[in-house]
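This is model_38.pdb (PDB, C-alpha atoms).
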```
ATOM      1  CA  LEU G   1     -13.245 -25.494  10.186
ATOM      2  CA  GLY G   2     -15.645 -23.543   8.075
ATOM      3  CA  GLY G   3     -17.888 -23.100  11.097
ATOM      4  CA  VAL G   4     -18.196 -26.867  11.604
ATOM      5  CA  LYS G   5     -16.763 -28.953  14.441
ATOM      6  CA  ILE G   6     -14.662 -31.728  12.908
ATOM      7  CA  PRO G   7     -13.541 -34.509  15.246
ATOM      8  CA  HIS G   8      -9.757 -34.832  15.332
ATOM      9  CA  PRO G   9      -7.279 -35.809  18.064
ATOM     10  CA  HIS G  10      -5.422 -32.485  17.728
ATOM     11  CA  GLY G  11      -6.940 -29.077  18.299
ATOM     12  CA  ILE G  12      -6.022 -25.705  16.901
ATOM     13  CA  VAL G  13      -4.000 -23.371  19.083
ATOM     14  CA  ALA G  14      -4.882 -19.767  18.283
ATOM     15  CA  HIS G  15      -5.886 -16.474  19.848
ATOM     16  CA  SER G  16      -9.512 -16.906  18.746
ATOM     17  CA  ASP G  17     -11.079 -20.307  18.045
ATOM     18  CA  GLY G  18      -8.614 -20.668  15.152
ATOM     19  CA  ASP G  19     -11.049 -21.393  12.319
ATOM     20  CA  VAL G  20      -8.608 -20.701   9.492
ATOM     21  CA  VAL G  21     -11.320 -21.079   6.840
ATOM     22  CA  LEU G  22     -13.529 -18.374   8.318
ATOM     23  CA  HIS G  23     -10.491 -16.154   8.952
ATOM     24  CA  ALA G  24      -9.336 -16.504   5.342
ATOM     25  CA  LEU G  25     -12.848 -15.706   4.167
ATOM     26  CA  ALA G  26     -13.030 -12.645   6.429
ATOM     27  CA  ASP G  27      -9.735 -11.420   4.959
ATOM     28  CA  ALA G  28     -11.010 -12.046   1.413
ATOM     29  CA  LEU G  29     -14.157 -10.024   2.068
ATOM     30  CA  LEU G  30     -12.305  -7.170   3.746
ATOM     31  CA  GLY G  31      -9.723  -7.133   0.969
ATOM     32  CA  ALA G  32     -12.325  -7.128  -1.785
ATOM     33  CA  ALA G  33     -13.982  -4.140  -0.110
ATOM     34  CA  ALA G  34     -10.595  -2.414   0.435
ATOM     35  CA  LEU G  35     -11.190  -2.335   4.189
ATOM     36  CA  GLY G  36      -7.904  -3.840   5.360
ATOM     37  CA  ASP G  37      -7.556  -7.208   7.010
ATOM     38  CA  ILE G  38      -8.914  -9.211   9.921
ATOM     39  CA  GLY G  39      -6.011  -8.194  12.177
ATOM     40  CA  HIS G  40      -6.963  -4.541  11.804
ATOM     41  CA  PHE G  41     -10.435  -5.137  13.253
ATOM     42  CA  PHE G  42      -9.691  -8.067  15.578
ATOM     43  CA  PRO G  43      -6.021  -7.803  16.643
ATOM     44  CA  ASP G  44      -4.509 -10.895  18.236
ATOM     45  CA  ASP G  45      -2.968  -8.797  20.996
ATOM     46  CA  ASP G  46      -6.398  -7.621  22.193
ATOM     47  CA  ALA G  47      -7.754  -9.800  24.999
ATOM     48  CA  GLN G  48     -11.293  -8.924  23.895
ATOM     49  CA  TRP G  49     -10.910 -11.399  20.985
ATOM     50  CA  ALA G  50      -9.322 -14.250  22.965
ATOM     51  CA  GLY G  51     -11.290 -17.422  22.262
ATOM     52  CA  ALA G  52     -13.666 -15.527  19.953
ATOM     53  CA  ASP G  53     -16.064 -17.485  17.756
ATOM     54  CA  SER G  54     -14.809 -17.005  14.195
ATOM     55  CA  ALA G  55     -18.372 -17.246  12.871
ATOM     56  CA  GLU G  56     -19.265 -14.179  14.939
ATOM     57  CA  LEU G  57     -16.172 -12.359  13.670
ATOM     58  CA  LEU G  58     -17.162 -13.208  10.092
ATOM     59  CA  GLN G  59     -20.677 -11.902  10.745
ATOM     60  CA  GLN G  60     -19.153  -8.609  11.915
ATOM     61  CA  VAL G  61     -17.022  -8.496   8.759
ATOM     62  CA  VAL G  62     -20.098  -9.075   6.568
ATOM     63  CA  TYR G  63     -21.761  -6.157   8.373
ATOM     64  CA  LYS G  64     -18.709  -3.902   7.839
ATOM     65  CA  VAL G  65     -18.620  -4.845   4.151
ATOM     66  CA  ALA G  66     -22.345  -4.048   3.824
ATOM     67  CA  GLN G  67     -21.858  -0.713   5.616
ATOM     68  CA  ALA G  68     -19.189   0.100   3.023
ATOM     69  CA  GLY G  69     -21.767  -0.424   0.269
ATOM     70  CA  TRP G  70     -21.024  -3.988  -0.829
ATOM     71  CA  CYS G  71     -22.908  -7.267  -0.907
ATOM     72  CA  VAL G  72     -21.387 -10.738  -1.173
ATOM     73  CA  LEU G  73     -22.073 -12.647  -4.383
ATOM     74  CA  ASN G  74     -19.956 -15.752  -3.862
ATOM     75  CA  ALA G  75     -16.990 -17.212  -2.021
ATOM     76  CA  ASP G  76     -14.368 -19.856  -2.769
ATOM     77  CA  CYS G  77     -12.282 -21.405   0.017
ATOM     78  CA  THR G  78      -9.423 -23.905  -0.067
ATOM     79  CA  VAL G  79      -8.278 -25.810   3.028
ATOM     80  CA  VAL G  80      -4.673 -27.032   3.039
ATOM     81  CA  ALA G  81      -4.161 -29.869   5.528
ATOM     82  CA  GLU G  82      -3.015 -33.457   5.708
ATOM     83  CA  ARG G  83      -5.694 -34.159   8.282
ATOM     84  CA  PRO G  84      -8.470 -33.892   9.116
ATOM     85  CA  ARG G  85     -10.023 -34.954   5.858
ATOM     86  CA  VAL G  86     -12.582 -32.335   4.933
ATOM     87  CA  ALA G  87     -14.569 -33.812   2.024
ATOM     88  CA  SER G  88     -17.365 -35.362   4.085
ATOM     89  CA  HIS G  89     -17.896 -32.033   5.903
ATOM     90  CA  VAL G  90     -18.059 -29.816   2.799
ATOM     91  CA  PRO G  91     -21.878 -29.757   2.451
ATOM     92  CA  THR G  92     -22.305 -28.689   6.081
ATOM     93  CA  MET G  93     -19.529 -26.107   5.781
ATOM     94  CA  ARG G  94     -21.101 -24.635   2.631
ATOM     95  CA  THR G  95     -24.484 -24.348   4.340
ATOM     96  CA  ARG G  96     -22.980 -22.798   7.479
ATOM     97  CA  ILE G  97     -20.900 -20.254   5.569
ATOM     98  CA  ALA G  98     -23.769 -19.396   3.224
ATOM     99  CA  GLY G  99     -25.925 -18.613   6.248
ATOM    100  CA  ILE G 100     -23.317 -16.237   7.639
ATOM    101  CA  LEU G 101     -22.828 -14.536   4.271
ATOM    102  CA  ASP G 102     -26.571 -14.448   3.535
ATOM    103  CA  ILE G 103     -26.136 -16.163   0.167
ATOM    104  CA  GLU G 104     -27.196 -19.542  -1.230
ATOM    105  CA  PRO G 105     -25.007 -22.597  -0.471
ATOM    106  CA  GLY G 106     -24.514 -22.966  -4.221
ATOM    107  CA  ALA G 107     -22.559 -19.709  -4.157
ATOM    108  CA  VAL G 108     -20.027 -21.118  -1.664
ATOM    109  CA  SER G 109     -17.227 -23.414  -2.765
ATOM    110  CA  ILE G 110     -15.070 -25.398  -0.349
ATOM    111  CA  LYS G 111     -12.112 -27.402  -1.587
ATOM    112  CA  ALA G 112      -9.337 -29.222   0.218
ATOM    113  CA  THR G 113      -5.837 -30.285  -0.675
ATOM    114  CA  THR G 114      -2.753 -31.670   1.030
ATOM    115  CA  VAL G 115       0.914 -30.788   0.667
ATOM    116  CA  GLU G 116       1.992 -34.414   0.224
ATOM    117  CA  ARG G 117       3.522 -34.509   3.723
ATOM    118  CA  MET G 118       5.880 -31.587   3.043
ATOM    119  CA  GLY G 119       6.649 -28.837   5.556
ATOM    120  CA  PHE G 120       4.839 -27.996   8.783
ATOM    121  CA  ILE G 121       1.439 -28.710   7.230
ATOM    122  CA  GLY G 122       2.662 -32.087   5.979
ATOM    123  CA  ARG G 123       3.944 -32.922   9.451
ATOM    124  CA  GLU G 124       0.460 -32.026  10.767
ATOM    125  CA  GLU G 125       1.831 -29.158  12.840
ATOM    126  CA  GLY G 126      -0.637 -26.732  11.316
ATOM    127  CA  LEU G 127      -2.992 -26.048   8.467
ATOM    128  CA  ALA G 128      -3.856 -23.178   6.165
ATOM    129  CA  ALA G 129      -6.761 -21.812   4.182
ATOM    130  CA  PHE G 130      -7.138 -19.461   1.255
ATOM    131  CA  ALA G 131     -10.269 -17.690   0.122
ATOM    132  CA  ILE G 132     -11.526 -15.336  -2.535
ATOM    133  CA  ALA G 133     -14.846 -13.544  -2.652
ATOM    134  CA  LEU G 134     -16.808 -11.607  -5.214
ATOM    135  CA  LEU G 135     -18.612  -8.485  -4.078
ATOM    136  CA  ALA G 136     -21.021  -6.211  -5.875
ATOM    137  CA  SER G 137     -21.847  -2.607  -5.135
ATOM    138  CA  ASP G 138     -25.265  -2.359  -3.537
ATOM    139  CA  GLU G 139     -25.935   0.937  -5.337
TER     140      GLU G 139
END
```

Go through the file and emit its structure as structure tokens.
Amino acid sequence: LGGVKIPHPHGIVAHSDGDVVLHALADALLGAAALGDIGHFFPDDDAQWAGADSAELLQQVVYKVAQAGWCVLNADCTVVAERPRVASHVPTMRTRIAGILDIEPGAVSIKATTVERMGFIGREEGLAAFAIALLASDE
């Protein structure tokens, strides 16, 4: 999650490596630049992206955003999961994401919350992430 391996007895089943934090951030960046969404560039029915490293996908998104004339100012991500607990990994996640976005770690926020054991996330059948990003025109 967030580009960091977090020990947990369950893994994530997904077309790529399933890093929902980096995927949410990629969607936030693409959306802020009006470039579509992650599925447009990396469709889950394309074998080329099977098992893909989400950090590499995010790097490609940052490049596409820059090519469109934007630079990343900051990012805010929220992880929604009962487990694993994320708090102890936040500093490493912030540093990792900042490196990919080419911004300072202080411009990256990572938060986590639970759903109080409700629904599929509460039953630990999945997790979710939300992200927003601020871009500035590089002109």

Discussion item. The residues within 8 Å of (-15.2, -20.9, 9.5), using all atoms listed in the file and the coordinates of the file, should be reported as a list of chain:residue names; which are they?
Written reply: G:Leu1, G:Gly2, G:Gly3, G:Val4, G:Asp19, G:Val20, G:Val21, G:Leu22, G:His23, G:Leu25, G:Ser54, G:Ala55, G:Leu58, G:Met93, G:Ile97

Selected residues written out, C-alpha atoms, as a short mmCIF file (atom, residue, chain, number, x, y, z; two decimals), keeping the file's coordinate frame:
```
data_model
loop_
_atom_site.label_atom_id
_atom_site.label_comp_id
_atom_site.auth_asym_id
_atom_site.auth_seq_id
_atom_site.Cartn_x
_atom_site.Cartn_y
_atom_site.Cartn_z
CA LEU G 1 -13.24 -25.49 10.19
CA GLY G 2 -15.64 -23.54 8.07
CA GLY G 3 -17.89 -23.10 11.10
CA VAL G 4 -18.20 -26.87 11.60
CA ASP G 19 -11.05 -21.39 12.32
CA VAL G 20 -8.61 -20.70 9.49
CA VAL G 21 -11.32 -21.08 6.84
CA LEU G 22 -13.53 -18.37 8.32
CA HIS G 23 -10.49 -16.15 8.95
CA LEU G 25 -12.85 -15.71 4.17
CA SER G 54 -14.81 -17.00 14.20
CA ALA G 55 -18.37 -17.25 12.87
CA LEU G 58 -17.16 -13.21 10.09
CA MET G 93 -19.53 -26.11 5.78
CA ILE G 97 -20.90 -20.25 5.57
#
```

Discussion item. So that I can see what lies close to range 74-77 of chain G, please list as number ranges by chain the residues with an atom at most 6 Å from it, counting all atoms listed in the file and leaving out residues fewer than 2 positions away in the same chain.
Written reply: G: 72, 107-110, 130-134

Discussion item. I'd like to know which of G:Ser137, G:Thr78, G:Gln67, G:Gln59 is closest to Gly99 in chain G, using all atoms listed in the file.
Written reply: G:Gln59

Discussion item. If we count all atoms listed in the file and set the cut-off at 9 Å, which residues sit around Val115 in chain G, ignoring sequence neighbours fewer than 2 positions away in its own chain? Please answer as a ChimeraX atom specification.
Written reply: /G:80-82,113,117-119,121-122

Keeping only C-alpha atoms, write the selected residues as a compact mmCIF listing (two decimals), in the coordinates of the input.
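again-v5.txt was written with the following content:
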```
# COMPACT_ATOMS: atom_id res chain seq x y z
CA VAL G 80 -4.67 -27.03 3.04
CA ALA G 81 -4.16 -29.87 5.53
CA GLU G 82 -3.02 -33.46 5.71
CA THR G 113 -5.84 -30.28 -0.68
CA ARG G 117 3.52 -34.51 3.72
CA MET G 118 5.88 -31.59 3.04
CA GLY G 119 6.65 -28.84 5.56
CA ILE G 121 1.44 -28.71 7.23
CA GLY G 122 2.66 -32.09 5.98
```

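Note that the spacing between CA of Asp45 in chain G and CA of Ala128 in chain G amounts to 20.7 Å.
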